[in-house]
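Participant: Contents of work03.cif (mmCIF, C-alpha atoms and all ligand atoms) are below:
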data_final
loop_
_atom_site.label_atom_id
_atom_site.label_comp_id
_atom_site.auth_asym_id
_atom_site.auth_seq_id
_atom_site.Cartn_x
_atom_site.Cartn_y
_atom_site.Cartn_z
CA MET A 111 -8.45 13.27 17.97
CA THR A 112 -9.48 14.64 14.61
CA ALA A 113 -8.62 18.32 14.68
CA THR A 114 -6.16 19.13 11.94
CA THR A 115 -3.89 21.09 14.27
CA ASP A 116 -3.78 18.17 16.72
CA LEU A 117 -2.88 15.73 13.96
CA ARG A 118 -0.16 18.03 12.70
CA VAL A 119 1.34 18.14 16.20
CA VAL A 120 1.13 14.37 16.61
CA ALA A 121 2.72 13.86 13.19
CA ALA A 122 5.59 16.18 14.10
CA GLU A 123 6.12 14.36 17.40
CA GLY A 124 6.06 11.01 15.64
CA ALA A 125 8.50 12.24 13.00
CA ASP A 126 10.96 13.34 15.70
CA ARG A 127 10.61 10.12 17.65
CA PHE A 128 10.77 7.68 14.75
CA ALA A 129 13.14 9.22 12.21
CA ASP A 130 14.25 5.71 11.35
CA GLY A 131 12.55 3.92 14.20
CA PRO A 132 11.98 0.18 14.29
CA ALA A 133 8.85 -0.71 12.33
CA ALA A 134 7.36 -2.58 15.28
CA ASP A 135 7.70 0.46 17.54
CA VAL A 136 6.21 2.81 14.96
CA ILE A 137 3.21 0.59 14.35
CA ALA A 138 2.65 0.02 18.08
CA TRP A 139 2.79 3.78 18.61
CA ALA A 140 0.26 4.31 15.83
CA ALA A 141 -2.09 1.73 17.30
CA ALA A 142 -1.92 3.38 20.72
CA THR A 143 -2.22 6.91 19.36
CA PHE A 144 -5.09 6.39 16.90
CA PRO A 145 -7.34 3.69 18.41
CA GLY A 146 -10.26 3.00 16.07
CA ARG A 147 -8.97 5.61 13.63
CA LEU A 148 -6.03 3.75 12.04
CA ALA A 149 -5.93 2.12 8.60
CA VAL A 150 -3.26 -0.01 6.97
CA ALA A 151 -3.09 0.07 3.17
CA ALA A 152 -1.83 -3.25 1.81
CA SER A 153 -1.02 -4.00 -1.82
CA MET A 154 -0.78 -7.75 -1.15
CA GLN A 155 2.54 -8.02 -2.92
CA ASP A 156 3.61 -9.75 0.22
CA GLY A 157 2.25 -10.10 3.71
CA VAL A 158 5.01 -8.25 5.55
CA LEU A 159 3.04 -5.14 6.45
CA PRO A 160 -0.17 -7.06 7.29
CA HIS A 161 1.88 -9.48 9.42
CA LEU A 162 3.42 -6.58 11.32
CA ALA A 163 -0.04 -5.07 11.73
CA SER A 164 -1.37 -8.35 13.10
CA ARG A 165 1.33 -8.27 15.77
CA PHE A 166 1.40 -4.60 16.71
CA ALA A 167 -1.89 -3.05 15.49
CA PRO A 168 -4.31 -5.98 15.32
CA ASP A 169 -7.39 -3.76 15.60
CA ALA A 170 -6.51 -1.56 12.64
CA ASP A 171 -8.54 -1.88 9.45
CA VAL A 172 -6.53 -3.21 6.52
CA LEU A 173 -7.55 -1.58 3.25
CA PHE A 174 -7.12 -3.42 -0.03
CA LEU A 175 -7.70 -1.46 -3.22
CA ASP A 176 -9.84 -3.82 -5.26
CA THR A 177 -9.37 -2.17 -8.64
CA GLY A 178 -11.09 -4.93 -10.61
CA TYR A 179 -7.87 -5.53 -12.50
CA HIS A 180 -5.85 -7.61 -10.06
CA PHE A 181 -4.05 -10.84 -10.85
CA ALA A 182 -5.76 -13.92 -9.43
CA GLU A 183 -2.60 -14.47 -7.38
CA THR A 184 -3.00 -11.08 -5.70
CA LEU A 185 -6.61 -11.81 -4.74
CA GLN A 186 -5.50 -15.19 -3.43
CA THR A 187 -2.81 -13.48 -1.35
CA ARG A 188 -5.39 -11.02 0.01
CA ASN A 189 -7.60 -13.88 1.15
CA GLU A 190 -4.76 -15.85 2.71
CA VAL A 191 -3.49 -12.79 4.57
CA ALA A 192 -6.94 -12.00 5.97
CA GLU A 193 -7.47 -15.55 7.13
CA ARG A 194 -4.07 -16.50 8.48
CA TYR A 195 -3.33 -13.17 10.17
CA ARG A 196 -6.89 -12.71 11.42
CA LEU A 197 -7.11 -9.18 10.09
CA ARG A 198 -10.16 -7.17 9.12
CA VAL A 199 -9.39 -6.64 5.44
CA LEU A 200 -11.77 -4.18 3.79
CA ASP A 201 -11.99 -4.12 0.00
CA VAL A 202 -12.00 -0.57 -1.31
CA ALA A 203 -13.77 -0.48 -4.66
CA PRO A 204 -13.93 2.26 -7.31
CA ALA A 205 -17.20 4.08 -7.95
CA GLN A 206 -17.59 2.26 -11.26
CA THR A 207 -17.16 -1.37 -12.20
CA VAL A 208 -14.76 -2.05 -15.05
CA ALA A 209 -17.75 -2.49 -17.36
CA GLU A 210 -19.21 0.86 -16.30
CA GLN A 211 -15.87 2.57 -16.77
CA ASP A 212 -15.51 0.98 -20.22
CA ALA A 213 -18.96 2.26 -21.16
CA GLN A 214 -18.09 5.83 -20.16
CA TYR A 215 -14.43 6.06 -21.18
CA GLY A 216 -14.01 3.25 -23.68
CA ALA A 217 -12.37 -0.12 -23.16
CA ARG A 218 -8.84 -0.46 -21.86
CA LEU A 219 -8.51 3.05 -20.49
CA HIS A 220 -5.30 1.85 -18.86
CA ASP A 221 -3.70 1.53 -22.29
CA ARG A 222 -4.60 5.07 -23.29
CA ASP A 223 -4.65 7.12 -20.12
CA PRO A 224 -3.30 5.19 -17.14
CA THR A 225 -3.17 8.33 -15.03
CA LEU A 226 -6.92 8.78 -15.35
CA CYS A 227 -7.50 5.08 -14.82
CA CYS A 228 -5.40 5.11 -11.63
CA ALA A 229 -7.21 8.23 -10.45
CA LEU A 230 -10.58 6.54 -10.92
CA ARG A 231 -9.69 3.10 -9.63
CA LYS A 232 -7.03 3.78 -7.00
CA THR A 233 -6.56 7.34 -5.81
CA ALA A 234 -10.17 8.49 -5.54
CA PRO A 235 -11.43 5.35 -3.79
CA LEU A 236 -8.51 5.35 -1.34
CA ASP A 237 -8.94 9.04 -0.58
CA ALA A 238 -12.62 8.45 0.13
CA ALA A 239 -11.93 5.42 2.32
CA LEU A 240 -9.21 7.18 4.31
CA GLY A 241 -11.63 9.95 5.23
CA ARG A 242 -12.84 7.76 8.09
CA TYR A 243 -9.42 7.63 9.76
CA ASP A 244 -6.88 9.91 11.45
CA ALA A 245 -3.81 8.00 10.31
CA TRP A 246 -2.79 5.47 7.70
CA ILE A 247 0.09 3.07 7.45
CA ASN A 248 1.55 2.12 4.10
CA GLY A 249 4.38 -0.01 2.75
CA LEU A 250 6.46 2.69 1.03
CA ARG A 251 10.20 2.03 1.01
CA ARG A 252 12.96 4.44 0.03
CA VAL A 253 14.74 1.83 -2.06
CA ASP A 254 11.68 1.19 -4.21
CA ALA A 255 12.15 4.17 -6.51
CA PRO A 256 13.97 7.52 -6.73
CA THR A 257 10.61 9.20 -6.15
CA ARG A 258 10.49 7.49 -2.76
CA ALA A 259 14.08 8.12 -1.67
CA ASP A 260 13.12 10.76 0.90
CA THR A 261 10.12 8.98 2.38
CA PRO A 262 9.77 9.92 6.08
CA VAL A 263 8.62 7.32 8.58
CA VAL A 264 5.99 9.67 9.99
CA ALA A 265 4.63 12.78 8.29
CA TYR A 266 1.51 14.89 8.03
CA ASP A 267 -0.38 14.00 4.86
CA GLU A 268 -1.38 17.44 3.61
CA LYS A 269 -3.50 16.09 0.80
CA ARG A 270 -5.67 14.02 3.11
CA SER A 271 -5.34 16.00 6.36
CA MET A 272 -4.19 12.99 8.34
CA VAL A 273 -1.02 11.31 9.58
CA LYS A 274 0.89 9.17 7.11
CA ILE A 275 3.09 6.42 8.51
CA SER A 276 5.63 4.46 6.47
CA PRO A 277 7.21 2.04 8.95
CA LEU A 278 9.15 0.19 6.24
CA ALA A 279 10.67 3.37 4.79
CA ALA A 280 14.22 2.42 5.75
CA TRP A 281 13.89 -1.29 4.97
CA THR A 282 16.13 -2.78 2.30
CA ASP A 283 15.22 -5.71 0.07
CA GLU A 284 17.32 -7.86 2.39
CA ASP A 285 15.31 -6.67 5.41
CA ILE A 286 12.12 -7.72 3.63
CA ASP A 287 13.55 -11.12 2.69
CA ASN A 288 14.82 -11.69 6.22
CA TYR A 289 11.43 -10.85 7.75
CA ILE A 290 9.64 -13.12 5.31
CA PHE A 291 12.04 -15.94 6.12
CA ALA A 292 11.95 -15.42 9.88
CA HIS A 293 8.16 -15.33 10.10
CA GLU A 294 7.27 -17.54 7.11
CA VAL A 295 5.27 -14.63 5.75
CA ILE A 296 2.79 -15.13 2.92
CA VAL A 297 4.21 -13.94 -0.40
CA ASN A 298 2.35 -13.28 -3.65
CA PRO A 299 3.35 -16.24 -5.90
CA LEU A 300 4.08 -13.82 -8.74
CA ILE A 301 7.15 -12.57 -6.87
CA ARG A 302 8.87 -15.87 -7.64
CA GLN A 303 7.74 -15.70 -11.27
CA GLY A 304 9.70 -12.55 -12.12
CA TYR A 305 7.31 -9.87 -10.85
CA PRO A 306 9.24 -7.95 -8.16
CA SER A 307 6.67 -5.12 -8.18
CA ILE A 308 3.03 -6.08 -8.56
CA GLY A 309 0.16 -3.82 -9.52
CA CYS A 310 -2.86 -4.34 -11.74
CA ALA A 311 -2.50 -7.11 -14.32
CA PRO A 312 -2.79 -4.94 -17.45
CA CYS A 313 -0.04 -2.61 -16.18
CA THR A 314 2.43 -5.09 -14.71
CA ARG A 315 5.01 -7.14 -16.57
CA ALA A 316 7.70 -9.56 -15.45
CA VAL A 317 11.21 -8.09 -15.51
CA ALA A 318 14.57 -9.67 -16.23
CA PRO A 319 16.69 -10.65 -13.23
CA GLY A 320 18.64 -7.61 -12.02
CA ALA A 321 16.48 -5.09 -13.87
CA ASP A 322 14.82 -2.17 -12.09
CA PRO A 323 12.01 -3.86 -10.15
CA ARG A 324 9.55 -1.13 -11.08
CA SER A 325 10.40 -1.17 -14.79
CA GLY A 326 7.61 -3.68 -15.26
CA ARG A 327 5.00 -1.18 -14.08
CA TRP A 328 3.24 0.88 -16.78
CA ALA A 329 5.89 -0.21 -19.30
CA GLY A 330 5.84 2.10 -22.32
CA PHE A 331 4.53 5.06 -20.32
CA ASP A 332 6.37 7.86 -18.57
CA LYS A 333 4.64 6.88 -15.36
CA THR A 334 6.18 5.42 -12.25
CA GLU A 335 3.56 6.05 -9.56
CA CYS A 336 -0.16 5.41 -9.42
CA GLY A 337 -0.72 8.71 -7.65
CA ILE A 338 -1.58 7.45 -4.20
CA HIS A 339 1.69 8.72 -2.77
CA LEU A 340 2.05 11.92 -4.79
FE1 LIG A 401 -5.84 1.22 -14.19
FE2 LIG A 401 -3.42 0.14 -14.60
FE3 LIG A 401 -3.78 2.07 -12.73
FE4 LIG A 401 -4.74 -0.41 -12.38
S1 LIG A 401 -2.56 0.21 -12.50
S2 LIG A 401 -5.82 1.48 -11.95
S3 LIG A 401 -5.39 -0.96 -14.48
S4 LIG A 401 -3.97 2.27 -14.99
#
I'd like the structure from this file rewritten - as structure tokens, please.
Facilitator:
Amino acid sequence: MTATTDLRVVAAEGADRFADGPAADVIAWAAATFPGRLAVAASMQDGVLPHLASRFAPDADVLFLDTGYHFAETLQTRNEVAERYRLRVLDVAPAQTVAEQDAQYGARLHDRDPTLCCALRKTAPLDAALGRYDAWINGLRRVDAPTRADTPVVAYDEKRSMVKISPLAAWTDEDIDNYIFAHEVIVNPLIRQGYPSIGCAPCTRAVAPGADPRSGRWAGFDKTECGIHL
């Protein structure tokens, strides 16, 4: 099933069926609907989505955007998730190494033009990797940011001509904490060190307790999203 019209129909059916459907049901539906053509994008902030995938879509490829700028703790989490949950985690790398990017654009592009840096190191590589699939699952949640408040559980991804599935869209922070506790899910150690939202190291800061979790991302810039979900 790769025809655009077919995927649009399937996305519409999924959207009707899972307006706020249980994450387990949505992921199981995706696994049954897109066998061999389903990817799960995991940021490795925590192992909730990979853990769910291991239970309900164990054959899906898990994509990790290896930007070259991750914290050591995030890479450690990626490795632990792959091993403990027995998932096929594929590292998605940018076209250029950090050194090659520095040579072309100058060092620390993230300090001068984070939108371009994210386009080169996140959006373009993910778009290219997702070209092999009919559907992708991601960890977007409505409570994460105002820009995500209307996130549907299932939608047609116009930009990539595929089905976009956000099984955690309706999950609250408490839902995440409860799942982690119930299943002893792997968590990025930085979470407990004041980093409630974790991206690349140069663009992520710890935030004060109670502050907007995403205020530590691209601090000093009028930027709240890397572009993957725009
Ligand atoms: Fe570059 Fe920062 Fe975006 Fe990572 S988060 S790709 S370092 S701008």
Participant: When the cut-off is 10 Å and you count only C-alpha atoms and all ligand atoms, which residues lie near ligand LIG 401 (chain A), shown as an MDAnalysis selection string?
Facilitator: chainID A and resid 175:180 204 208 218:233 308:314 327:328 333 335:337
Participant: So which residues touch range 154-162 of chain A within 9 Å, counting all atoms listed in the file, skipping near sequence neighbours fewer than 2 positions away, as a count of residues only?
Facilitator: 41
Participant: CA of Asp244 in chain A and CA of Arg147 in chain A are how many Å apart?
Facilitator: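 Distance between the two atoms: 5.3 Å.
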Participant: Could you please determine the separation between CA of Val273 in chain A and CA of Leu240 in chain A in Å, to one decimal place?
Facilitator: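 Answer for the CA of Val273 in chain A to CA of Leu240 in chain A separation: 10.6 Å.
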Participant: Determine the nearest neighbour of Tyr266 in chain A from the options A:Asp322, A:Glu123, A:Glu284, A:Asp237, counting only C-alpha atoms.
Facilitator: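 Checking each candidate against Tyr266 in chain A, we get A:Glu123 as the closest.
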Participant: Between A:Asp171, A:Ala217, A:Ala138, A:Ala149, which is the closest to Arg196 in chain A once you count only C-alpha atoms?
Facilitator: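 Of A:Asp171, A:Ala217, A:Ala138, A:Ala149, the one nearest Arg196 in chain A is A:Asp171, counting only C-alpha atoms.
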Participant: Please compute the CA of Asn189 in chain A-CA of Ala255 in chain A distance, one decimal, in Å.
Facilitator: 27.8 Å
Participant: Can you work out which one of A:Ala163, A:Leu117, A:Val253, A:Ala170 has the shortest atom-to-atom distance to Pro323 in chain A, counting all atoms listed in the file?
Facilitator: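 Closest to Pro323 in chain A, using all atoms listed in the file: A:Val253.
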